[in-house]
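A.B. asks: Structure file start.pdb, PDB, C-alpha atoms, is pasted below:
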```pdb
MODEL        1
ATOM      1  CA  MET E   1      50.868 -65.435  52.610
ATOM      2  CA  LYS E   2      48.523 -64.822  49.647
ATOM      3  CA  ALA E   3      46.105 -67.462  50.913
ATOM      4  CA  GLU E   4      45.984 -65.799  54.348
ATOM      5  CA  MET E   5      45.305 -62.405  52.779
ATOM      6  CA  ALA E   6      42.620 -63.835  50.491
ATOM      7  CA  GLU E   7      40.887 -65.390  53.503
ATOM      8  CA  LYS E   8      40.938 -62.006  55.229
ATOM      9  CA  VAL E   9      39.747 -60.002  52.211
ATOM     10  CA  LYS E  10      36.779 -62.251  51.448
ATOM     11  CA  ASP E  11      35.046 -60.929  54.601
ATOM     12  CA  PHE E  12      35.558 -57.267  53.692
ATOM     13  CA  PRO E  13      32.393 -56.775  51.550
ATOM     14  CA  ALA E  14      30.215 -57.818  54.498
ATOM     15  CA  LYS E  15      32.236 -55.728  56.976
ATOM     16  CA  TYR E  16      33.078 -52.635  54.922
ATOM     17  CA  GLY E  17      30.897 -52.797  51.814
ATOM     18  CA  ARG E  18      33.768 -53.356  49.387
ATOM     19  CA  VAL E  19      37.271 -54.761  48.888
ATOM     20  CA  PRO E  20      40.545 -52.770  48.714
ATOM     21  CA  HIS E  21      41.187 -50.991  45.417
ATOM     22  CA  LEU E  22      44.718 -50.616  44.015
ATOM     23  CA  VAL E  23      45.365 -48.352  41.021
ATOM     24  CA  VAL E  24      48.616 -48.829  39.080
ATOM     25  CA  ILE E  25      49.778 -46.205  36.581
ATOM     26  CA  LEU E  26      51.983 -47.490  33.753
ATOM     27  CA  VAL E  27      53.709 -44.917  31.550
ATOM     28  CA  GLY E  28      55.130 -46.289  28.302
ATOM     29  CA  GLU E  29      55.644 -49.892  27.235
ATOM     30  CA  ASP E  30      58.950 -50.871  28.813
ATOM     31  CA  PRO E  31      58.865 -54.709  28.729
ATOM     32  CA  ALA E  32      60.097 -55.109  32.314
ATOM     33  CA  SER E  33      57.578 -52.569  33.627
ATOM     34  CA  VAL E  34      54.737 -54.222  31.687
ATOM     35  CA  SER E  35      55.736 -57.580  33.184
ATOM     36  CA  TYR E  36      55.814 -56.151  36.721
ATOM     37  CA  VAL E  37      52.411 -54.503  36.290
ATOM     38  CA  THR E  38      50.933 -57.748  34.941
ATOM     39  CA  GLY E  39      52.308 -59.609  37.970
ATOM     40  CA  LYS E  40      50.707 -57.089  40.320
ATOM     41  CA  ALA E  41      47.336 -57.472  38.591
ATOM     42  CA  LYS E  42      47.570 -61.266  38.845
ATOM     43  CA  ALA E  43      48.445 -61.136  42.548
ATOM     44  CA  SER E  44      45.571 -58.723  43.192
ATOM     45  CA  ALA E  45      43.137 -61.179  41.590
ATOM     46  CA  GLU E  46      44.509 -64.043  43.692
ATOM     47  CA  VAL E  47      44.077 -62.077  46.912
ATOM     48  CA  GLY E  48      40.706 -60.572  45.993
ATOM     49  CA  ILE E  49      41.859 -56.969  45.668
ATOM     50  CA  ARG E  50      40.301 -54.804  42.972
ATOM     51  CA  ASN E  51      43.036 -53.738  40.555
ATOM     52  CA  THR E  52      42.895 -50.977  37.953
ATOM     53  CA  THR E  53      45.762 -50.294  35.549
ATOM     54  CA  ILE E  54      45.922 -46.888  33.904
ATOM     55  CA  ARG E  55      48.137 -47.033  30.812
ATOM     56  CA  LYS E  56      49.547 -43.829  29.378
ATOM     57  CA  PRO E  57      51.979 -43.232  26.488
ATOM     58  CA  GLU E  58      55.623 -42.409  27.143
ATOM     59  CA  THR E  59      54.950 -38.918  25.766
ATOM     60  CA  ILE E  60      52.494 -37.975  28.536
ATOM     61  CA  ALA E  61      53.162 -34.531  30.001
ATOM     62  CA  GLU E  62      54.197 -34.345  33.639
ATOM     63  CA  GLU E  63      51.251 -32.062  34.429
ATOM     64  CA  GLU E  64      48.789 -34.576  32.968
ATOM     65  CA  LEU E  65      50.266 -37.363  35.084
ATOM     66  CA  LEU E  66      50.091 -35.185  38.204
ATOM     67  CA  GLY E  67      46.457 -34.424  37.352
ATOM     68  CA  ILE E  68      45.642 -38.137  37.188
ATOM     69  CA  ILE E  69      47.243 -38.647  40.600
ATOM     70  CA  ALA E  70      45.298 -35.714  42.060
ATOM     71  CA  GLY E  71      42.053 -37.289  40.848
ATOM     72  CA  LEU E  72      42.960 -40.645  42.411
ATOM     73  CA  ASN E  73      43.917 -38.947  45.677
ATOM     74  CA  ALA E  74      40.427 -37.419  45.818
ATOM     75  CA  ASP E  75      38.604 -40.646  44.906
ATOM     76  CA  PRO E  76      37.206 -42.272  48.084
ATOM     77  CA  GLU E  77      37.009 -45.644  46.292
ATOM     78  CA  VAL E  78      40.786 -45.750  45.714
ATOM     79  CA  ASP E  79      42.907 -47.083  48.583
ATOM     80  CA  GLY E  80      46.314 -47.506  46.985
ATOM     81  CA  ILE E  81      48.170 -45.685  44.206
ATOM     82  CA  LEU E  82      51.328 -47.031  42.585
ATOM     83  CA  VAL E  83      53.226 -45.339  39.753
ATOM     84  CA  GLN E  84      55.408 -47.928  38.032
ATOM     85  CA  LEU E  85      59.032 -46.791  37.898
ATOM     86  CA  PRO E  86      61.142 -45.830  36.067
ATOM     87  CA  LEU E  87      59.383 -42.915  34.384
ATOM     88  CA  PRO E  88      60.475 -41.187  31.150
ATOM     89  CA  LYS E  89      63.316 -38.711  31.561
ATOM     90  CA  HIS E  90      61.111 -35.639  31.061
ATOM     91  CA  ILE E  91      59.080 -36.502  34.178
ATOM     92  CA  ASP E  92      60.403 -35.718  37.667
ATOM     93  CA  GLU E  93      60.015 -38.987  39.618
ATOM     94  CA  GLU E  94      60.450 -37.322  43.014
ATOM     95  CA  LYS E  95      57.719 -34.806  42.210
ATOM     96  CA  VAL E  96      55.370 -37.587  41.101
ATOM     97  CA  ILE E  97      56.005 -39.713  44.206
ATOM     98  CA  ALA E  98      55.481 -36.707  46.481
ATOM     99  CA  ALA E  99      52.172 -35.964  44.725
ATOM    100  CA  ILE E 100      50.647 -39.278  45.877
ATOM    101  CA  ASP E 101      48.528 -39.037  49.030
ATOM    102  CA  LYS E 102      50.689 -40.416  51.850
ATOM    103  CA  ALA E 103      47.734 -42.514  53.033
ATOM    104  CA  LYS E 104      47.501 -44.166  49.591
ATOM    105  CA  ASP E 105      51.255 -44.617  49.024
ATOM    106  CA  VAL E 106      51.433 -48.423  48.895
ATOM    107  CA  ASP E 107      55.094 -48.349  47.779
ATOM    108  CA  GLY E 108      56.198 -46.489  50.916
ATOM    109  CA  PHE E 109      58.188 -43.990  48.821
ATOM    110  CA  HIS E 110      56.426 -40.760  49.829
ATOM    111  CA  PRO E 111      58.834 -38.402  51.676
ATOM    112  CA  LEU E 112      56.614 -38.426  54.779
ATOM    113  CA  ASN E 113      56.538 -42.235  54.850
ATOM    114  CA  VAL E 114      60.323 -42.327  54.426
ATOM    115  CA  ALA E 115      60.745 -39.836  57.283
ATOM    116  CA  ALA E 116      58.391 -41.858  59.488
ATOM    117  CA  LEU E 117      60.412 -45.021  58.799
ATOM    118  CA  TRP E 118      63.616 -43.381  60.031
ATOM    119  CA  GLN E 119      61.832 -41.883  63.053
ATOM    120  CA  LYS E 120      60.291 -45.258  64.009
ATOM    121  CA  GLN E 121      56.805 -43.851  63.483
ATOM    122  CA  PRO E 122      53.850 -45.809  62.025
ATOM    123  CA  CYS E 123      54.101 -45.795  58.220
ATOM    124  CA  THR E 124      53.760 -47.847  55.057
ATOM    125  CA  LEU E 125      56.992 -49.815  54.702
ATOM    126  CA  PRO E 126      58.628 -50.113  51.256
ATOM    127  CA  CYS E 127      57.704 -53.475  49.757
ATOM    128  CA  THR E 128      61.082 -55.023  48.928
ATOM    129  CA  PRO E 129      62.824 -54.220  52.249
ATOM    130  CA  LYS E 130      59.720 -55.355  54.133
ATOM    131  CA  GLY E 131      59.695 -58.567  52.095
ATOM    132  CA  ILE E 132      63.378 -59.235  52.795
ATOM    133  CA  VAL E 133      62.850 -59.125  56.549
ATOM    134  CA  LYS E 134      59.800 -61.376  56.226
ATOM    135  CA  MET E 135      61.824 -63.877  54.160
ATOM    136  CA  LEU E 136      64.621 -63.951  56.729
ATOM    137  CA  LYS E 137      62.162 -64.625  59.532
ATOM    138  CA  ALA E 138      60.288 -67.262  57.526
ATOM    139  CA  ALA E 139      63.606 -69.048  56.894
ATOM    140  CA  GLY E 140      64.267 -69.113  60.627
ATOM    141  CA  VAL E 141      67.198 -66.687  60.420
ATOM    142  CA  GLU E 142      67.975 -64.988  63.716
ATOM    143  CA  ILE E 143      68.612 -61.356  62.775
ATOM    144  CA  ALA E 144      69.365 -59.841  66.191
ATOM    145  CA  GLY E 145      73.067 -59.561  66.872
ATOM    146  CA  LYS E 146      74.095 -60.661  63.367
ATOM    147  CA  ARG E 147      76.569 -58.778  61.183
ATOM    148  CA  ALA E 148      74.587 -57.625  58.142
ATOM    149  CA  VAL E 149      76.124 -56.058  55.056
ATOM    150  CA  VAL E 150      73.990 -54.249  52.479
ATOM    151  CA  VAL E 151      75.604 -53.770  49.076
ATOM    152  CA  GLY E 152      73.915 -50.720  47.526
ATOM    153  CA  ARG E 153      72.454 -47.570  49.051
ATOM    154  CA  SER E 154      69.415 -46.786  46.895
ATOM    155  CA  ASN E 155      66.356 -45.129  48.407
ATOM    156  CA  ILE E 156      64.212 -48.024  47.179
ATOM    157  CA  VAL E 157      66.131 -50.956  48.710
ATOM    158  CA  GLY E 158      69.567 -50.345  50.190
ATOM    159  CA  LEU E 159      68.872 -47.583  52.688
ATOM    160  CA  PRO E 160      65.429 -48.734  53.894
ATOM    161  CA  VAL E 161      66.476 -52.379  54.286
ATOM    162  CA  SER E 162      69.476 -51.247  56.338
ATOM    163  CA  LYS E 163      67.080 -49.393  58.638
ATOM    164  CA  LEU E 164      64.739 -52.380  58.974
ATOM    165  CA  LEU E 165      67.685 -54.645  59.803
ATOM    166  CA  LEU E 166      68.839 -52.115  62.404
ATOM    167  CA  ASP E 167      65.337 -52.168  63.867
ATOM    168  CA  GLU E 168      65.717 -55.961  64.162
ATOM    169  CA  ASN E 169      68.943 -55.368  66.131
ATOM    170  CA  ALA E 170      71.427 -56.428  63.479
ATOM    171  CA  THR E 171      74.779 -54.652  63.221
ATOM    172  CA  VAL E 172      74.571 -53.134  59.742
ATOM    173  CA  THR E 173      77.207 -51.944  57.275
ATOM    174  CA  VAL E 174      76.097 -50.240  54.039
ATOM    175  CA  THR E 175      78.552 -50.400  51.141
ATOM    176  CA  HIS E 176      78.610 -48.510  47.850
ATOM    177  CA  SER E 177      80.752 -47.708  44.802
ATOM    178  CA  ARG E 178      83.360 -45.893  46.917
ATOM    179  CA  THR E 179      83.770 -48.707  49.445
ATOM    180  CA  ARG E 180      87.371 -49.917  49.574
ATOM    181  CA  ASP E 181      88.133 -53.654  49.742
ATOM    182  CA  LEU E 182      84.478 -54.569  49.211
ATOM    183  CA  GLY E 183      85.183 -58.303  49.264
ATOM    184  CA  GLU E 184      86.767 -58.016  52.695
ATOM    185  CA  VAL E 185      83.646 -56.248  53.967
ATOM    186  CA  THR E 186      81.180 -58.724  52.427
ATOM    187  CA  ARG E 187      83.154 -61.717  53.744
ATOM    188  CA  GLY E 188      82.421 -60.420  57.242
ATOM    189  CA  ALA E 189      78.676 -60.631  56.651
ATOM    190  CA  GLU E 190      76.492 -63.219  58.307
ATOM    191  CA  ILE E 191      73.564 -61.701  56.385
ATOM    192  CA  LEU E 192      74.406 -60.269  52.961
ATOM    193  CA  VAL E 193      71.843 -58.223  50.994
ATOM    194  CA  VAL E 194      72.859 -57.270  47.458
ATOM    195  CA  ALA E 195      70.988 -54.621  45.459
ATOM    196  CA  ILE E 196      73.198 -52.864  42.906
ATOM    197  CA  GLY E 197      71.889 -53.936  39.499
ATOM    198  CA  ARG E 198      75.089 -55.575  38.235
ATOM    199  CA  PRO E 199      74.789 -59.148  36.942
ATOM    200  CA  LYS E 200      76.662 -61.778  38.964
ATOM    201  CA  PHE E 201      78.737 -59.091  40.671
ATOM    202  CA  VAL E 202      79.094 -60.952  43.979
ATOM    203  CA  THR E 203      81.278 -64.010  43.528
ATOM    204  CA  ALA E 204      82.043 -66.956  45.807
ATOM    205  CA  ASP E 205      85.249 -65.411  47.152
ATOM    206  CA  MET E 206      83.233 -62.439  48.468
ATOM    207  CA  VAL E 207      80.984 -64.605  50.674
ATOM    208  CA  SER E 208      81.784 -66.397  53.911
ATOM    209  CA  GLU E 209      80.842 -69.998  54.541
ATOM    210  CA  GLY E 210      77.345 -70.305  56.013
ATOM    211  CA  ALA E 211      76.243 -66.781  55.166
ATOM    212  CA  VAL E 212      72.622 -65.900  54.395
ATOM    213  CA  VAL E 213      72.530 -64.234  50.972
ATOM    214  CA  ILE E 214      69.589 -62.144  49.740
ATOM    215  CA  ASP E 215      69.869 -61.246  46.048
ATOM    216  CA  VAL E 216      67.626 -58.313  45.065
ATOM    217  CA  GLY E 217      69.082 -57.697  41.607
ATOM    218  CA  VAL E 218      67.184 -58.439  38.403
ATOM    219  CA  ASN E 219      69.459 -58.335  35.366
ATOM    220  CA  ARG E 220      70.035 -59.968  32.004
ATOM    221  CA  ASP E 221      73.039 -62.282  31.869
ATOM    222  CA  PRO E 222      75.225 -60.729  29.129
ATOM    223  CA  GLU E 223      76.295 -64.198  27.976
ATOM    224  CA  THR E 224      72.978 -66.083  27.945
ATOM    225  CA  GLY E 225      70.383 -63.300  27.936
ATOM    226  CA  ARG E 226      68.581 -65.029  30.809
ATOM    227  CA  LEU E 227      67.444 -63.312  33.993
ATOM    228  CA  CYS E 228      70.022 -63.352  36.748
ATOM    229  CA  GLY E 229      70.717 -61.570  39.999
ATOM    230  CA  ASP E 230      73.560 -59.502  41.385
ATOM    231  CA  VAL E 231      75.019 -62.689  42.907
ATOM    232  CA  ASP E 232      76.675 -65.505  40.968
ATOM    233  CA  PHE E 233      74.107 -68.019  42.225
ATOM    234  CA  ALA E 234      75.790 -71.215  40.972
ATOM    235  CA  ALA E 235      79.124 -70.279  42.557
ATOM    236  CA  VAL E 236      77.774 -68.889  45.841
ATOM    237  CA  GLU E 237      74.995 -71.415  46.584
ATOM    238  CA  PRO E 238      77.349 -74.175  47.856
ATOM    239  CA  LYS E 239      78.789 -71.781  50.462
ATOM    240  CA  ALA E 240      75.546 -70.143  51.612
ATOM    241  CA  ALA E 241      73.304 -71.417  54.383
ATOM    242  CA  VAL E 242      70.388 -69.680  52.645
ATOM    243  CA  ILE E 243      70.331 -67.931  49.261
ATOM    244  CA  THR E 244      67.472 -66.449  47.250
ATOM    245  CA  PRO E 245      67.313 -67.244  43.514
ATOM    246  CA  VAL E 246      66.595 -64.849  40.643
ATOM    247  CA  PRO E 247      63.940 -65.090  39.387
ATOM    248  CA  GLY E 248      61.639 -66.475  42.053
ATOM    249  CA  GLY E 249      63.169 -65.155  45.254
ATOM    250  CA  VAL E 250      62.683 -61.592  46.472
ATOM    251  CA  GLY E 251      60.376 -60.572  43.586
ATOM    252  CA  PRO E 252      57.311 -62.635  44.554
ATOM    253  CA  MET E 253      57.650 -61.589  48.202
ATOM    254  CA  THR E 254      57.812 -57.936  47.126
ATOM    255  CA  ILE E 255      54.465 -58.339  45.354
ATOM    256  CA  CYS E 256      52.981 -60.082  48.403
ATOM    257  CA  CYS E 257      54.040 -57.123  50.535
ATOM    258  CA  LEU E 258      52.451 -54.762  48.030
ATOM    259  CA  MET E 259      49.173 -56.627  48.493
ATOM    260  CA  GLU E 260      49.607 -56.447  52.277
ATOM    261  CA  ASN E 261      50.329 -52.702  52.103
ATOM    262  CA  THR E 262      47.200 -52.168  49.989
ATOM    263  CA  ILE E 263      45.094 -53.983  52.582
ATOM    264  CA  GLU E 264      46.680 -51.943  55.383
ATOM    265  CA  CYS E 265      46.001 -48.657  53.554
ATOM    266  CA  PHE E 266      42.394 -49.772  53.022
ATOM    267  CA  LEU E 267      41.876 -50.669  56.688
ATOM    268  CA  ARG E 268      43.358 -47.381  57.903
ATOM    269  CA  ARG E 269      40.813 -45.535  55.788
ATOM    270  CA  MET E 270      37.797 -47.526  56.987
TER     271      MET E 270
ENDMDL
END
```
In structure tokens, write the structure found in this file.
C.D. replies:
Amino acid sequence: MKAEMAEKVKDFPAKYGRVPHLVVILVGEDPASVSYVTGKAKASAEVGIRNTTIRKPETIAEEELLGIIAGLNADPEVDGILVQLPLPKHIDEEKVIAAIDKAKDVDGFHPLNVAALWQKQPCTLPCTPKGIVKMLKAAGVEIAGKRAVVVGRSNIVGLPVSKLLLDENATVTVTHSRTRDLGEVTRGAEILVVAIGRPKFVTADMVSEGAVVIDVGVNRDPETGRLCGDVDFAAVEPKAAVITPVPGGVGPMTICCLMENTIECFLRRM
């Protein structure tokens, strides 16, 4: 996917006079956030997208951050704006996301992009849900008609991926902390997407034989300290027809979709 995008982008200077420009704002020095931002810069270089990272201390005032975003919104040389989440507690994340120009919202989190998604209108799709559907199709998984269960109902993954699966004609159930008999529900899934942020929460007895399992979680194993997902990979892998590992599964595809969204935002502005 990166190679295809790089091939496309290399012709942009001749066609449009420049390449797409993505600006990432990093507030603070959270190790996970720093790692994610570094990965985005690396992917941008591989694809041929111009990448700028604006680093600000954790103590930045909300008004200063909003001022930076306003300047980027007005800059005709900026095509995509991404504010790395989470933000410090004194900053209102919803206010910051809403301040980004909808046309430059490469994360697909702006309220107008979210509304357009649910109304089946053209919009920038959120990267991780978009990547999940792409992964399923690339693996040859037939989505239409399948029973899909999404564990987690966050605005970033759970809810939007449920909508994208509905759009692909799956029959979708969304579960959450109040769901009774969760294991009974997940065992009915032919496609199981897990995004709750709890290490190794989904065990083998919660998964049916031959299920397709997409693990979105990124956690630290409390016993080993190593990265792990929301699914007990070693226990579930023998039962699953397809399962994504952590690390190395959904994460890289999410970044690929971020690059694709940046290119799409650029082309819409040309």
A.B. asks: Can you list, as a list in words, every protein, DNA or RNA residue that comes within 6 Å of Phe201 of chain E when you count all atoms listed in the file, leaving out same-chain residues fewer than 3 positions away?
C.D. replies: Arg198, Asp230 and Val231 of chain E
A.B. asks: Quick one: apply the PyMOL selection byres ((chain E and resi 60-76) around 7) to the file and drop the selected residues here as a list in words.
C.D. replies: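 Going through the file, the PyMOL selection byres ((chain E and resi 60-76) around 7) ends up selecting Lys56, Pro57, Glu58, Thr59, Glu77, Val78, Ile91, Val96, Ala99, Ile100 and Asp101 of chain E.
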A.B. asks: Hey, what comes out of the PyMOL selection byres ((chain E and resi 256-266) around 8) on this file? Could you write it as a PyMOL selection string?
C.D. replies: chain E and resi 1-2+5+20-22+43-44+47+49+79-80+103-104+106-107+124-125+127-128+130-131+252-255+267-270
A.B. asks: For segment 109-121 of chain E, I'd like the enclosing box, axis-aligned and padded by 6 Å on every side, reported as JSON with centre and edge lengths in Å to one decimal.
C.D. replies:
```
{"center_x": 60.0, "center_y": -41.8, "center_z": 56.4, "size_x": 19.2, "size_y": 18.9, "size_z": 27.2}
```
A.B. asks: Enter the distance from atom CA of Leu166 of chain E to atom CA of Asp105 of chain E, in Å, rounded to one decimal.
C.D. replies: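 About the pair atom CA of Leu166 of chain E and atom CA of Asp105 of chain E: they are 23.3 Å apart.
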A.B. asks: Nearest to Thr171 of chain E: which of E:Gly183, E:Asn155, E:Gly108, E:Ile191 is it, counting all atoms listed in the file?
C.D. replies: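 Smallest separation from Thr171 of chain E among the options: E:Ile191.
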A.B. asks: Once the PyMOL selection byres ((chain E and resi 209) around 8) has been evaluated on this model, what residues remain selected, and can you format them as a ChimeraX atom specification?
C.D. replies: /E:207-208,210-211,239-241
A.B. asks: Quick check, in Å to one decimal: how far apart do atom CA of Val150 of chain E and atom CA of Cys123 of chain E lie?
C.D. replies: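 Between these atoms lies a distance of 22.4 Å.
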A.B. asks: When you look at segment 33-39 of chain E with a cut-off of 9 Å (counting only C-alpha atoms), what residues show up, excluding the ones that are within fewer than 2 positions of it in the same chain? I need them as a ChimeraX atom specification.
C.D. replies: /E:24-31,41-44,53,84-86,252,255
A.B. asks: Can you pull out every residue within 12 Å of Gly217 of chain E, counting only C-alpha atoms, but drop anything in the same chain fewer than 4 positions away, and send it as a VMD selection string?
C.D. replies: chain E and resid 128 151 to 152 157 to 158 193 to 202 213 221 227 to 233 244 to 251
A.B. asks: When distances are computed from all atoms listed in the file, which of E:Gly188, E:Thr52, E:Thr203, E:Val216 shows the smallest separation from Val161 of chain E?
C.D. replies: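 Going through E:Gly188, E:Thr52, E:Thr203, E:Val216 one by one, the smallest distance to Val161 of chain E is for E:Val216.
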A.B. asks: Record the distance separating atom CA of Asp215 of chain E and atom CA of Asn169 of chain E, expressed in Å with one decimal.
C.D. replies: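 Taking atom CA of Asp215 of chain E and atom CA of Asn169 of chain E, their separation equals 20.9 Å.
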A.B. asks: Taking into account only C-alpha atoms, which residue in the set E:Gly48, E:Gln119, E:Arg180, E:Ile97 is nearest to Asp11 of chain E?
C.D. replies: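 Of the candidates, the smallest distance to Asp11 of chain E is held by E:Gly48.
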A.B. asks: List the neighbours of Ala98 of chain E out to 8 Å using all atoms listed in the file; skip same-chain residues closer than 3 positions along the sequence, and give me the result as a PDB file with C-alpha atoms, keeping the file's coordinate frame.
C.D. replies:
```
ATOM      1  CA  GLU E  94      60.450 -37.322  43.014  1.00  0.00           C
ATOM      2  CA  LYS E  95      57.719 -34.806  42.210  1.00  0.00           C
ATOM      3  CA  ASP E 101      48.528 -39.037  49.030  1.00  0.00           C
ATOM      4  CA  HIS E 110      56.426 -40.760  49.829  1.00  0.00           C
ATOM      5  CA  PRO E 111      58.834 -38.402  51.676  1.00  0.00           C
TER       6      PRO E 111
END
```
A.B. asks: Looking at E:Leu159, E:Met206, E:Ile143, E:Ala14, which one is nearest to Leu182 of chain E, with distances taken over all atoms listed in the file?
C.D. replies: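 With all atoms listed in the file as the atom set, the closest residue is E:Met206.
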A.B. asks: Could you rebuild segment 221-244 of chain E with N, CA and C atoms and give it back as a short mmCIF file (atom, residue, chain, number, x, y, z; two decimals), keeping the file's coordinate frame?
C.D. replies:
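Result saved to result.cif:
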```cif
data_model
loop_
_atom_site.label_atom_id
_atom_site.label_comp_id
_atom_site.auth_asym_id
_atom_site.auth_seq_id
_atom_site.Cartn_x
_atom_site.Cartn_y
_atom_site.Cartn_z
N ASP E 221 71.69 -61.73 31.98
CA ASP E 221 73.04 -62.28 31.87
C ASP E 221 73.58 -61.90 30.49
N PRO E 222 74.71 -61.16 30.43
CA PRO E 222 75.22 -60.73 29.13
C PRO E 222 75.62 -61.88 28.21
N GLU E 223 75.88 -63.05 28.79
CA GLU E 223 76.30 -64.20 27.98
C GLU E 223 75.11 -65.01 27.46
N THR E 224 74.10 -65.22 28.32
CA THR E 224 72.98 -66.08 27.94
C THR E 224 71.70 -65.32 27.63
N GLY E 225 71.61 -64.07 28.11
CA GLY E 225 70.38 -63.30 27.94
C GLY E 225 69.29 -63.65 28.94
N ARG E 226 69.57 -64.61 29.81
CA ARG E 226 68.58 -65.03 30.81
C ARG E 226 68.61 -64.10 32.02
N LEU E 227 67.49 -64.11 32.77
CA LEU E 227 67.44 -63.31 33.99
C LEU E 227 68.45 -63.85 35.00
N CYS E 228 69.11 -62.95 35.68
CA CYS E 228 70.02 -63.35 36.75
C CYS E 228 70.06 -62.25 37.79
N GLY E 229 70.64 -62.55 38.93
CA GLY E 229 70.72 -61.57 40.00
C GLY E 229 72.05 -60.85 40.04
N ASP E 230 72.28 -60.18 41.15
CA ASP E 230 73.56 -59.50 41.38
C ASP E 230 74.60 -60.47 41.94
N VAL E 231 74.14 -61.67 42.33
CA VAL E 231 75.02 -62.69 42.91
C VAL E 231 75.20 -63.83 41.90
N ASP E 232 76.42 -64.33 41.80
CA ASP E 232 76.68 -65.50 40.97
C ASP E 232 76.12 -66.72 41.71
N PHE E 233 74.85 -67.03 41.45
CA PHE E 233 74.11 -68.02 42.22
C PHE E 233 74.81 -69.38 42.23
N ALA E 234 75.20 -69.87 41.07
CA ALA E 234 75.79 -71.22 40.97
C ALA E 234 77.07 -71.32 41.80
N ALA E 235 77.86 -70.25 41.83
CA ALA E 235 79.12 -70.28 42.56
C ALA E 235 78.93 -70.09 44.06
N VAL E 236 77.95 -69.25 44.43
CA VAL E 236 77.77 -68.89 45.84
C VAL E 236 76.89 -69.89 46.59
N GLU E 237 75.95 -70.52 45.90
CA GLU E 237 75.00 -71.42 46.58
C GLU E 237 75.67 -72.48 47.46
N PRO E 238 76.73 -73.13 47.00
CA PRO E 238 77.35 -74.18 47.86
C PRO E 238 77.89 -73.64 49.19
N LYS E 239 78.23 -72.35 49.24
CA LYS E 239 78.79 -71.78 50.46
C LYS E 239 77.71 -71.23 51.40
N ALA E 240 76.56 -70.87 50.84
CA ALA E 240 75.55 -70.14 51.61
C ALA E 240 74.65 -71.09 52.40
N ALA E 241 74.29 -70.66 53.60
CA ALA E 241 73.30 -71.42 54.38
C ALA E 241 71.92 -71.25 53.77
N VAL E 242 71.65 -70.02 53.33
CA VAL E 242 70.39 -69.68 52.64
C VAL E 242 70.73 -68.70 51.53
N ILE E 243 70.13 -68.88 50.36
CA ILE E 243 70.33 -67.93 49.26
C ILE E 243 69.04 -67.84 48.46
N THR E 244 68.69 -66.62 48.04
CA THR E 244 67.47 -66.45 47.25
C THR E 244 67.83 -66.46 45.76
#
```
